Amino acid sequence: MVQTLFTLNSIEPKDILIALVICILIYVLSFYIHYFSRPDRLPGPIPLPILGSIHLYPGDAGAWMQELQAKYGDMFEVYLGSNRAIGLCRSDLVEKLMSPSTTNTFRLRTPVNDGVEALGMMDKGIIFNHKYDDWSYIRRFYSKILATPQARKKIVESSQTIFTEIEKCWKESDEPIIDLTEWIIRFAFENIMYLATNMRVNSIDNYHNSLKPNTQTPLTEKLVGGVRMYLHAAHFYALAPTFWRNKPGQNKAIANMLLGEKKSLDLILLEMVKKRRVQIENSDMSEELSQDFLTQLLTVNTKRDVTKGISDEKHQSPMSDEEIKAIITEIFTGGAFTTSQNMLYMIYYIAKYPEVQQKIVQEIESILGKNLNKEVTLKDIDNMKYCEAVINEVARIWPTFPVNLRASDKQETIGSYTFAPNTQFLINNQAIHLHPKDWEDPNKFKPERFLDGEKINKNAFFMFGGGTRICPARVVGLTEMKMLMIMLFQKYNVELVEKDAPIKYQYAMIRLCSELKVSIKPRY
Ligand code: HEM
């Protein structure tokens with residue numbers, strides 16, 4: 001005891017500092033010995049201990065992946081904190097990851113991620129769900145409800161009504177220049193709300209009124225704002241290592257703010273779920289319930305089950321409000337935001353290329369005539385091949401989702417490289433879409449390359465992703481895009497205000513358009 005006290009008393013602050021510096025040096029040395037002797041080395045920026053390469057991240061994963069490809073080639077590595085992530089920029093490199101086979105082992109989007117956990121989305125819903133049985137159970141709801149002609153018909157019908165409501169607001173405002181960004185988000189939001197809940201929620205009028213001074217923020221605006229912030233939160237939390245998120249100062253403040261926004265969104269969505277649950281519980285047992293997404297989630301494995309056999313032996317209980325909340329968070333993310341952003345970029349390119357706009361109008365008129373009130377059928381929509389080629393070409397040249405994520409919980413090989421379980425793979429959709437190996441004149445906007453007869457190479461185009469995790473709502477997504485195309489371009493000539501300006505956007509898992517100013521003039 002005396003000996004210990006004596007020893008402690010004789011330690012000077014200087015000695016502690018020296019010991020600390022020695023520890024840090026040993027850590028740094030061993031970090032770099034490990035780094036430089038790692039097996040299956042790939043080119044990439046030399047990481048810093050703890051931070052990895054995150055200090056180099058420009059805030060835009062799409063732009064970063066392009067920059068890294070230019071420096072290091074089609075396959076490279078970066079470190080997100082201490083975790084190795086592999087960038088893949090060529091179709092043949094992603095073959096295994098994007099295989100539709102049920103034996104595809106790249107079933108995960110990310111390894112277990114404490115940021116996603118902190119947001120309350122790990123193993124909830126489907127996007128970040130690692131539990132294969134739960135993921136496939138929830139996907140069955142998507143397939144049953146969204147991949148059907150009924151869902152497409154519903155979207156056709158609601159798109160027409162919602163677009164008319166938007167036109168009414170535009171007429172009322174009588175502005176010569178319109179920024180389409182927020183209108184198109186409300187268009188997609190109202191559509192997905194109707195599809196997912198069978199409710200119309202007046203989001204067009206609400207948005208229009210919210211532009212007037214001194215108005216309160218209506219619930220639909222809070223929801224749209226909340227989902228947008230959720231995308232920013234998912235970006236920050238999924239990517240930034242724990243240490244970086246908790247760094248005192250700006251980082252910590254951003255992390256707290258985003259978490260607060262996610263909690264506010266959770267409260268709104270939970271209230272929506274609870275309200276509908278009470279409505280169902282209070283309704284007469286003999287009353288036929290609606291077949292919408294929310295009702296299916298609320299009634300599965302209950303006496304009022306409208307799902308007709310979605311559950312399996314592992315899923316025999318009703319879903320909790322929390323589980324349903326996570327699922328509808330994702331429905332709104334994909335339904336309101338991914339869809340609207342694709343539509344905005346579609347409008348940007350069509351307005352930028354008047355000759356393409358003219359061909360679109362010709363095709364629409366050849367199928368629907370000049371009667372603007374003619375009912376649009378699914379067959380009409382399916383016959384619009386040039387319109388579809390334009391949608392594809394926009395998604396090729398400017399994917400809304402420029403970087404996709406995959407991981408496997410097993411050891412995997414790609415080419416001659418072996419990767420440890422839980423390695424993160426970053427599929428550079430933008431680079432694959434522009435790779436000269438698969439695309440002739442890749443930077444040229446040329447919708448004809450998608451017309452019948454033109455061969456698109458395997459794994460060279462991922463508008464809706466691919467493999468087992470391909471977008472489960474692609475059929476309705478495409479239908480909605482074509483509907484907007486018909487309603488906007490059949491009736492109006494659309495011109496960009498800044499003809500040569502590049503797309504203005506922010507990155508938040510997807511590319512979020514920040515401004516799209518156009519002038520819209522009636523054709524007739
Ligand atoms: C034009 C519209 C849309 C586009 C371009 C699009 C695109 C995508 C892409 C690229 C993915 C990633 C797939 C992968 O990892 O391979 C995805 C996944 C997903 N999308 Fe969509 N999407 C659209 C519309 C929608 C809509 C309307 C919804 C919801 C109603 C939706 C819900 C989802 C969900 C839940 C996933 C995750 C699937 C999983 O992890 O298994 N999407 N989408």
# chains A, B, ... in the order shown; residues from 1 in each chain; ligands from 1

call {"tool": "closest_atom_pairs", "arguments": {"of": "stretch 308-352 of chain A", "to": "stretch 490-497 of chain A", "cutoff": "12 Å", "atoms": "only C-alpha atoms", "output": "tab-separated table"}}
result
residue	atom	partner	partner_atom	distance
A:Leu344	CA	A:Leu496	CA	11.9
A:Tyr345	CA	A:Leu496	CA	11.8
A:Met346	CA	A:Val494	CA	11.8
A:Ile347	CA	A:Val494	CA	8.2
A:Tyr348	CA	A:Leu496	CA	7.2
A:Tyr349	CA	A:Leu496	CA	9.3
A:Ile350	CA	A:Val494	CA	8.2
A:Ala351	CA	A:Glu495	CA	5.1
A:Lys352	CA	A:Leu496	CA	6.5

call {"tool": "residues_around", "arguments": {"residues": "stretch 252-260 of chain A", "least_positions_apart": "4", "cutoff": "10 Å", "atoms": "only C-alpha atoms", "output": "ChimeraX atom specification"}}
result
/A:115,118-120,226,229-234,236-237,240,243-248,264-266

call {"tool": "residues_around", "arguments": {"residues": "stretch 107-114 of chain A", "least_positions_apart": "3", "cutoff": "10 Å", "atoms": "only C-alpha atoms", "output": "PDB file with N, CA and C atoms, in the first residue's frame"}}
result
ATOM      1  N   ASN A  83     -14.629   0.285 -40.696  1.00  0.00           N
ATOM      2  CA  ASN A  83     -15.218  -0.747 -41.568  1.00  0.00           C
ATOM      3  C   ASN A  83     -14.812  -0.559 -43.027  1.00  0.00           C
ATOM      4  N   LEU A  97     -23.832  -9.971 -56.655  1.00  0.00           N
ATOM      5  CA  LEU A  97     -24.611  -9.177 -55.699  1.00  0.00           C
ATOM      6  C   LEU A  97     -26.032  -8.942 -56.186  1.00  0.00           C
ATOM      7  N   MET A  98     -26.164  -8.802 -57.517  1.00  0.00           N
ATOM      8  CA  MET A  98     -27.460  -8.422 -58.052  1.00  0.00           C
ATOM      9  C   MET A  98     -28.178  -9.591 -58.714  1.00  0.00           C
ATOM     10  N   THR A 102     -32.618 -17.052 -55.612  1.00  0.00           N
ATOM     11  CA  THR A 102     -32.904 -17.112 -54.173  1.00  0.00           C
ATOM     12  C   THR A 102     -31.679 -17.577 -53.391  1.00  0.00           C
ATOM     13  N   THR A 103     -30.677 -18.079 -54.118  1.00  0.00           N
ATOM     14  CA  THR A 103     -29.453 -18.492 -53.412  1.00  0.00           C
ATOM     15  C   THR A 103     -28.457 -17.323 -53.294  1.00  0.00           C
ATOM     16  N   ASN A 104     -28.825 -16.162 -53.814  1.00  0.00           N
ATOM     17  CA  ASN A 104     -27.974 -14.971 -53.675  1.00  0.00           C
ATOM     18  C   ASN A 104     -27.697 -14.723 -52.189  1.00  0.00           C
ATOM     19  N   GLU A 117     -29.459   1.636 -36.143  1.00  0.00           N
ATOM     20  CA  GLU A 117     -30.036   1.180 -34.864  1.00  0.00           C
ATOM     21  C   GLU A 117     -30.517   2.393 -34.057  1.00  0.00           C
ATOM     22  N   ALA A 118     -29.670   3.421 -33.974  1.00  0.00           N
ATOM     23  CA  ALA A 118     -30.021   4.618 -33.191  1.00  0.00           C
ATOM     24  C   ALA A 118     -31.274   5.292 -33.762  1.00  0.00           C
ATOM     25  N   LEU A 119     -31.480   5.166 -35.061  1.00  0.00           N
ATOM     26  CA  LEU A 119     -32.675   5.751 -35.684  1.00  0.00           C
ATOM     27  C   LEU A 119     -33.910   4.871 -35.510  1.00  0.00           C
ATOM     28  N   GLY A 120     -33.699   3.692 -34.945  1.00  0.00           N
ATOM     29  CA  GLY A 120     -34.821   2.778 -34.700  1.00  0.00           C
ATOM     30  C   GLY A 120     -35.254   2.027 -35.952  1.00  0.00           C
ATOM     31  N   MET A 121     -34.360   1.903 -36.976  1.00  0.00           N
ATOM     32  CA  MET A 121     -34.788   1.253 -38.220  1.00  0.00           C
ATOM     33  C   MET A 121     -34.056  -0.070 -38.492  1.00  0.00           C
ATOM     34  N   MET A 122     -33.109  -0.463 -37.610  1.00  0.00           N
ATOM     35  CA  MET A 122     -32.401  -1.723 -37.854  1.00  0.00           C
ATOM     36  C   MET A 122     -33.357  -2.889 -37.606  1.00  0.00           C
ATOM     37  N   ASP A 123     -33.446  -3.774 -38.586  1.00  0.00           N
ATOM     38  CA  ASP A 123     -34.333  -4.949 -38.502  1.00  0.00           C
ATOM     39  C   ASP A 123     -35.811  -4.592 -38.381  1.00  0.00           C
ATOM     40  N   ILE A 126     -38.329  -3.034 -44.234  1.00  0.00           N
ATOM     41  CA  ILE A 126     -37.536  -3.976 -45.036  1.00  0.00           C
ATOM     42  C   ILE A 126     -36.176  -3.444 -45.473  1.00  0.00           C
ATOM     43  N   ILE A 127     -36.037  -2.128 -45.555  1.00  0.00           N
ATOM     44  CA  ILE A 127     -34.804  -1.612 -46.163  1.00  0.00           C
ATOM     45  C   ILE A 127     -33.566  -2.043 -45.369  1.00  0.00           C
ATOM     46  N   PHE A 128     -33.616  -1.943 -44.060  1.00  0.00           N
ATOM     47  CA  PHE A 128     -32.464  -2.325 -43.223  1.00  0.00           C
ATOM     48  C   PHE A 128     -32.762  -3.589 -42.414  1.00  0.00           C
ATOM     49  N   ASN A 129     -33.608  -4.455 -42.938  1.00  0.00           N
ATOM     50  CA  ASN A 129     -33.958  -5.652 -42.186  1.00  0.00           C
ATOM     51  C   ASN A 129     -32.998  -6.808 -42.507  1.00  0.00           C
ATOM     52  N   HIS A 130     -32.330  -7.333 -41.462  1.00  0.00           N
ATOM     53  CA  HIS A 130     -31.396  -8.440 -41.652  1.00  0.00           C
ATOM     54  C   HIS A 130     -32.040  -9.795 -41.469  1.00  0.00           C
ATOM     55  N   LYS A 131     -33.234  -9.780 -40.871  1.00  0.00           N
ATOM     56  CA  LYS A 131     -33.857 -11.074 -40.580  1.00  0.00           C
ATOM     57  C   LYS A 131     -34.614 -11.513 -41.823  1.00  0.00           C
ATOM     58  N   TYR A 132     -34.040 -12.471 -42.496  1.00  0.00           N
ATOM     59  CA  TYR A 132     -34.535 -12.839 -43.823  1.00  0.00           C
ATOM     60  C   TYR A 132     -36.030 -13.187 -43.809  1.00  0.00           C
ATOM     61  N   TRP A 135     -38.048 -10.009 -43.407  1.00  0.00           N
ATOM     62  CA  TRP A 135     -37.945  -9.222 -44.642  1.00  0.00           C
ATOM     63  C   TRP A 135     -38.867  -9.812 -45.719  1.00  0.00           C
ATOM     64  N   TYR A 237     -26.783   9.035 -40.383  1.00  0.00           N
ATOM     65  CA  TYR A 237     -26.620   7.975 -39.383  1.00  0.00           C
ATOM     66  C   TYR A 237     -26.054   6.691 -39.982  1.00  0.00           C
ATOM     67  N   ALA A 238     -26.459   6.341 -41.202  1.00  0.00           N
ATOM     68  CA  ALA A 238     -25.981   5.074 -41.775  1.00  0.00           C
ATOM     69  C   ALA A 238     -24.509   5.174 -42.172  1.00  0.00           C
ATOM     70  N   LEU A 239     -24.076   6.381 -42.540  1.00  0.00           N
ATOM     71  CA  LEU A 239     -22.726   6.529 -43.080  1.00  0.00           C
ATOM     72  C   LEU A 239     -21.691   6.956 -42.051  1.00  0.00           C
ATOM     73  N   ALA A 240     -22.056   7.908 -41.197  1.00  0.00           N
ATOM     74  CA  ALA A 240     -21.052   8.480 -40.286  1.00  0.00           C
ATOM     75  C   ALA A 240     -20.734   7.502 -39.156  1.00  0.00           C
ATOM     76  N   PRO A 241     -19.447   7.198 -38.939  1.00  0.00           N
ATOM     77  CA  PRO A 241     -19.092   6.312 -37.818  1.00  0.00           C
ATOM     78  C   PRO A 241     -19.510   6.947 -36.484  1.00  0.00           C
ATOM     79  N   THR A 242     -19.721   6.116 -35.466  1.00  0.00           N
ATOM     80  CA  THR A 242     -20.205   6.582 -34.154  1.00  0.00           C
ATOM     81  C   THR A 242     -19.382   7.764 -33.641  1.00  0.00           C
ATOM     82  N   ASN A 404     -25.921   2.173 -54.512  1.00  0.00           N
ATOM     83  CA  ASN A 404     -26.731   1.173 -53.808  1.00  0.00           C
ATOM     84  C   ASN A 404     -25.836   0.400 -52.829  1.00  0.00           C
ATOM     85  N   LEU A 405     -26.446  -0.201 -51.847  1.00  0.00           N
ATOM     86  CA  LEU A 405     -25.674  -0.874 -50.801  1.00  0.00           C
ATOM     87  C   LEU A 405     -25.993  -2.363 -50.764  1.00  0.00           C
ATOM     88  N   ARG A 406     -24.953  -3.164 -50.527  1.00  0.00           N
ATOM     89  CA  ARG A 406     -25.152  -4.586 -50.298  1.00  0.00           C
ATOM     90  C   ARG A 406     -24.105  -5.085 -49.312  1.00  0.00           C
ATOM     91  N   ALA A 407     -24.448  -6.138 -48.587  1.00  0.00           N
ATOM     92  CA  ALA A 407     -23.494  -6.802 -47.700  1.00  0.00           C
ATOM     93  C   ALA A 407     -23.916  -8.256 -47.592  1.00  0.00           C
ATOM     94  N   SER A 408     -22.975  -9.078 -47.142  1.00  0.00           N
ATOM     95  CA  SER A 408     -23.297 -10.484 -46.919  1.00  0.00           C
ATOM     96  C   SER A 408     -22.753 -10.857 -45.541  1.00  0.00           C
ATOM     97  N   ASP A 409     -23.462 -11.732 -44.849  1.00  0.00           N
ATOM     98  CA  ASP A 409     -22.911 -12.131 -43.546  1.00  0.00           C
ATOM     99  C   ASP A 409     -21.969 -13.332 -43.691  1.00  0.00           C
ATOM    100  N   PRO A 421     -16.805 -11.664 -43.929  1.00  0.00           N
ATOM    101  CA  PRO A 421     -18.248 -11.448 -43.720  1.00  0.00           C
ATOM    102  C   PRO A 421     -18.487 -10.010 -43.272  1.00  0.00           C
ATOM    103  N   ASN A 422     -19.659  -9.489 -43.638  1.00  0.00           N
ATOM    104  CA  ASN A 422     -20.078  -8.139 -43.245  1.00  0.00           C
ATOM    105  C   ASN A 422     -19.264  -7.004 -43.847  1.00  0.00           C
ATOM    106  N   THR A 423     -18.586  -7.282 -44.970  1.00  0.00           N
ATOM    107  CA  THR A 423     -17.952  -6.179 -45.699  1.00  0.00           C
ATOM    108  C   THR A 423     -19.069  -5.389 -46.395  1.00  0.00           C
ATOM    109  N   GLN A 424     -18.948  -4.075 -46.362  1.00  0.00           N
ATOM    110  CA  GLN A 424     -19.950  -3.246 -47.051  1.00  0.00           C
ATOM    111  C   GLN A 424     -19.558  -3.094 -48.528  1.00  0.00           C
ATOM    112  N   PHE A 425     -20.510  -3.330 -49.433  1.00  0.00           N
ATOM    113  CA  PHE A 425     -20.262  -3.089 -50.859  1.00  0.00           C
ATOM    114  C   PHE A 425     -21.068  -1.878 -51.309  1.00  0.00           C
ATOM    115  N   LEU A 426     -20.404  -1.005 -52.078  1.00  0.00           N
ATOM    116  CA  LEU A 426     -21.053   0.214 -52.575  1.00  0.00           C
ATOM    117  C   LEU A 426     -21.184   0.068 -54.088  1.00  0.00           C
ATOM    118  N   GLY A 467     -31.706  -7.915 -58.295  1.00  0.00           N
ATOM    119  CA  GLY A 467     -31.551  -9.049 -57.389  1.00  0.00           C
ATOM    120  C   GLY A 467     -32.744  -9.186 -56.470  1.00  0.00           C
ATOM    121  N   THR A 468     -32.492  -9.804 -55.332  1.00  0.00           N
ATOM    122  CA  THR A 468     -33.607 -10.120 -54.436  1.00  0.00           C
ATOM    123  C   THR A 468     -34.219  -8.869 -53.818  1.00  0.00           C
ATOM    124  N   ARG A 469     -33.465  -7.775 -53.781  1.00  0.00           N
ATOM    125  CA  ARG A 469     -33.979  -6.564 -53.146  1.00  0.00           C
ATOM    126  C   ARG A 469     -34.434  -5.509 -54.161  1.00  0.00           C
TER     127      ARG A 469
END

call {"tool": "residues_near_ligand", "arguments": {"ligand": "ligand 1", "cutoff": "6 Å", "atoms": "only C-alpha atoms and all ligand atoms", "output": "number ranges by chain"}}
result
A: 126-127, 330-331, 334-335, 338-339, 342, 401, 404, 463-466, 469-474, 477-478

call {"tool": "write_last_selection", "arguments": {"atoms": "C-alpha atoms", "output": "mmCIF file, in the first residue's frame"}}
result
data_model
loop_
_atom_site.group_PDB
_atom_site.id
_atom_site.type_symbol
_atom_site.label_atom_id
_atom_site.label_comp_id
_atom_site.auth_asym_id
_atom_site.auth_seq_id
_atom_site.Cartn_x
_atom_site.Cartn_y
_atom_site.Cartn_z
ATOM 1 C CA ILE A 126 -37.536 -3.976 -45.036
ATOM 2 C CA ILE A 127 -34.804 -1.612 -46.163
ATOM 3 C CA GLU A 330 -40.493 3.308 -45.930
ATOM 4 C CA ILE A 331 -43.640 3.373 -48.052
ATOM 5 C CA GLY A 334 -40.101 5.383 -51.669
ATOM 6 C CA GLY A 335 -43.598 6.445 -52.632
ATOM 7 C CA THR A 338 -37.870 8.342 -54.753
ATOM 8 C CA THR A 339 -40.809 8.537 -57.145
ATOM 9 C CA ASN A 342 -37.400 10.489 -60.653
ATOM 10 C CA PHE A 401 -30.245 6.446 -56.307
ATOM 11 C CA ASN A 404 -26.731 1.173 -53.808
ATOM 12 C CA MET A 463 -33.236 2.162 -62.244
ATOM 13 C CA PHE A 464 -35.105 -0.053 -59.780
ATOM 14 C CA GLY A 465 -32.051 -1.841 -58.363
ATOM 15 C CA GLY A 466 -31.818 -5.583 -58.873
ATOM 16 C CA ARG A 469 -33.979 -6.564 -53.146
ATOM 17 C CA ILE A 470 -35.190 -5.004 -56.383
ATOM 18 C CA CYS A 471 -37.774 -2.238 -55.799
ATOM 19 C CA PRO A 472 -41.026 -3.987 -54.863
ATOM 20 C CA ALA A 473 -43.112 -1.058 -56.162
ATOM 21 C CA ARG A 474 -41.540 -0.643 -59.593
ATOM 22 C CA GLY A 477 -43.734 3.702 -59.812
ATOM 23 C CA LEU A 478 -43.437 3.456 -63.592
#

call {"tool": "select_by_dssp", "arguments": {"residues": "stretch 242-448 of chain A", "states": "strand (DSSP E)", "output": "VMD selection string"}}
result
chain A and resid 403 to 407 412 to 414 417 to 419 424 to 428

call {"tool": "write_last_selection", "arguments": {"atoms": "C-alpha atoms", "output": "short mmCIF file (atom, residue, chain, number, x, y, z; two decimals), in the first residue's frame"}}
result
data_model
loop_
_atom_site.label_atom_id
_atom_site.label_comp_id
_atom_site.auth_asym_id
_atom_site.auth_seq_id
_atom_site.Cartn_x
_atom_site.Cartn_y
_atom_site.Cartn_z
CA VAL A 403 -25.09 4.39 -54.95
CA ASN A 404 -26.73 1.17 -53.81
CA LEU A 405 -25.67 -0.87 -50.80
CA ARG A 406 -25.15 -4.59 -50.30
CA ALA A 407 -23.49 -6.80 -47.70
CA GLU A 412 -17.50 -13.82 -50.30
CA THR A 413 -15.32 -13.70 -53.39
CA ILE A 414 -15.56 -11.26 -56.25
CA TYR A 417 -10.62 -11.16 -54.19
CA THR A 418 -11.94 -12.62 -50.95
CA PHE A 419 -13.91 -10.46 -48.55
CA GLN A 424 -19.95 -3.25 -47.05
CA PHE A 425 -20.26 -3.09 -50.86
CA LEU A 426 -21.05 0.21 -52.58
CA ILE A 427 -22.60 -0.37 -55.99
CA ASN A 428 -21.84 2.70 -58.05
#

call {"tool": "closest_residue", "arguments": {"among": "A:Lys124, A:Leu88, A:Ala501, A:Glu12", "to": "A:Glu322", "atoms": "only C-alpha atoms"}}
result
A:Lys124

call {"tool": "select_by_dssp", "arguments": {"residues": "stretch 317-426 of chain A", "states": "alpha helix (DSSP H)", "output": "VMD selection string"}}
result
chain A and resid 321 to 332 339 to 352 354 to 368 378 to 383 385 to 397

call {"tool": "residues_around", "arguments": {"residues": "A:Ser290", "least_positions_apart": "5", "cutoff": "12 Å", "atoms": "only C-alpha atoms", "output": "ChimeraX atom specification"}}
result
/A:145,194-199,276,279-280,283,295-299,304-307

call {"tool": "write_last_selection", "arguments": {"atoms": "N, CA and C atoms", "output": "PDB file, in the first residue's frame"}}
result
ATOM      1  N   ILE A 145     -49.959  -6.093 -52.729  1.00  0.00           N
ATOM      2  CA  ILE A 145     -50.764  -4.871 -52.841  1.00  0.00           C
ATOM      3  C   ILE A 145     -50.309  -3.964 -53.983  1.00  0.00           C
ATOM      4  N   TYR A 194     -52.963   7.739 -50.891  1.00  0.00           N
ATOM      5  CA  TYR A 194     -54.212   7.124 -51.349  1.00  0.00           C
ATOM      6  C   TYR A 194     -54.025   5.612 -51.550  1.00  0.00           C
ATOM      7  N   LEU A 195     -52.899   5.272 -52.152  1.00  0.00           N
ATOM      8  CA  LEU A 195     -52.640   3.854 -52.411  1.00  0.00           C
ATOM      9  C   LEU A 195     -52.415   3.073 -51.114  1.00  0.00           C
ATOM     10  N   ALA A 196     -51.740   3.702 -50.163  1.00  0.00           N
ATOM     11  CA  ALA A 196     -51.375   2.967 -48.945  1.00  0.00           C
ATOM     12  C   ALA A 196     -52.468   2.975 -47.890  1.00  0.00           C
ATOM     13  N   THR A 197     -53.346   3.995 -47.926  1.00  0.00           N
ATOM     14  CA  THR A 197     -54.331   4.078 -46.839  1.00  0.00           C
ATOM     15  C   THR A 197     -55.771   4.223 -47.332  1.00  0.00           C
ATOM     16  N   ASN A 198     -55.923   4.371 -48.630  1.00  0.00           N
ATOM     17  CA  ASN A 198     -57.235   4.611 -49.237  1.00  0.00           C
ATOM     18  C   ASN A 198     -57.829   5.960 -48.806  1.00  0.00           C
ATOM     19  N   MET A 199     -56.967   6.860 -48.323  1.00  0.00           N
ATOM     20  CA  MET A 199     -57.458   8.182 -47.894  1.00  0.00           C
ATOM     21  C   MET A 199     -56.893   9.266 -48.801  1.00  0.00           C
ATOM     22  N   ARG A 276     -56.331   4.576 -37.199  1.00  0.00           N
ATOM     23  CA  ARG A 276     -56.949   3.610 -38.108  1.00  0.00           C
ATOM     24  C   ARG A 276     -57.284   2.311 -37.362  1.00  0.00           C
ATOM     25  N   GLN A 279     -60.483   2.848 -35.632  1.00  0.00           N
ATOM     26  CA  GLN A 279     -61.587   2.844 -36.623  1.00  0.00           C
ATOM     27  C   GLN A 279     -61.984   1.415 -36.981  1.00  0.00           C
ATOM     28  N   ILE A 280     -60.972   0.578 -37.212  1.00  0.00           N
ATOM     29  CA  ILE A 280     -61.257  -0.813 -37.584  1.00  0.00           C
ATOM     30  C   ILE A 280     -61.941  -1.532 -36.423  1.00  0.00           C
ATOM     31  N   SER A 283     -65.515  -0.559 -36.088  1.00  0.00           N
ATOM     32  CA  SER A 283     -66.426  -0.787 -37.217  1.00  0.00           C
ATOM     33  C   SER A 283     -67.190  -2.095 -37.018  1.00  0.00           C
ATOM     34  N   THR A 295     -54.504  -1.126 -43.939  1.00  0.00           N
ATOM     35  CA  THR A 295     -55.512  -2.044 -43.383  1.00  0.00           C
ATOM     36  C   THR A 295     -54.995  -3.483 -43.391  1.00  0.00           C
ATOM     37  N   GLN A 296     -54.258  -3.832 -44.434  1.00  0.00           N
ATOM     38  CA  GLN A 296     -53.699  -5.193 -44.488  1.00  0.00           C
ATOM     39  C   GLN A 296     -52.711  -5.410 -43.336  1.00  0.00           C
ATOM     40  N   LEU A 297     -51.868  -4.396 -43.096  1.00  0.00           N
ATOM     41  CA  LEU A 297     -50.882  -4.523 -42.011  1.00  0.00           C
ATOM     42  C   LEU A 297     -51.583  -4.609 -40.650  1.00  0.00           C
ATOM     43  N   LEU A 298     -52.651  -3.810 -40.502  1.00  0.00           N
ATOM     44  CA  LEU A 298     -53.342  -3.769 -39.206  1.00  0.00           C
ATOM     45  C   LEU A 298     -54.177  -5.010 -38.925  1.00  0.00           C
ATOM     46  N   THR A 299     -54.627  -5.661 -39.982  1.00  0.00           N
ATOM     47  CA  THR A 299     -55.555  -6.779 -39.731  1.00  0.00           C
ATOM     48  C   THR A 299     -54.902  -8.154 -39.833  1.00  0.00           C
ATOM     49  N   ARG A 304     -60.245  -9.861 -38.290  1.00  0.00           N
ATOM     50  CA  ARG A 304     -60.680  -9.129 -39.490  1.00  0.00           C
ATOM     51  C   ARG A 304     -59.650  -9.231 -40.624  1.00  0.00           C
ATOM     52  N   ASP A 305     -58.804 -10.230 -40.598  1.00  0.00           N
ATOM     53  CA  ASP A 305     -57.685 -10.347 -41.558  1.00  0.00           C
ATOM     54  C   ASP A 305     -58.162 -10.211 -43.014  1.00  0.00           C
ATOM     55  N   VAL A 306     -57.671  -9.150 -43.719  1.00  0.00           N
ATOM     56  CA  VAL A 306     -58.049  -9.005 -45.130  1.00  0.00           C
ATOM     57  C   VAL A 306     -56.913  -9.427 -46.064  1.00  0.00           C
ATOM     58  N   THR A 307     -55.838  -9.986 -45.474  1.00  0.00           N
ATOM     59  CA  THR A 307     -54.671 -10.275 -46.323  1.00  0.00           C
ATOM     60  C   THR A 307     -54.790 -11.571 -47.105  1.00  0.00           C
TER      61      THR A 307
END

call {"tool": "residues_around", "arguments": {"residues": "stretch 370-377 of chain A", "least_positions_apart": "2", "cutoff": "10 Å", "atoms": "only C-alpha atoms", "output": "list in words"}}
result
Arg152, Lys153, Val156, Glu157, Gln160, Val361, Gln362, Ile364, Glu365, Ser366, Ile367, Leu368, Lys379, Asp380, Ile381, Asp382, Asn383, Met483, Ile486, Met487, Gln490, Lys491 and Tyr524 of chain A
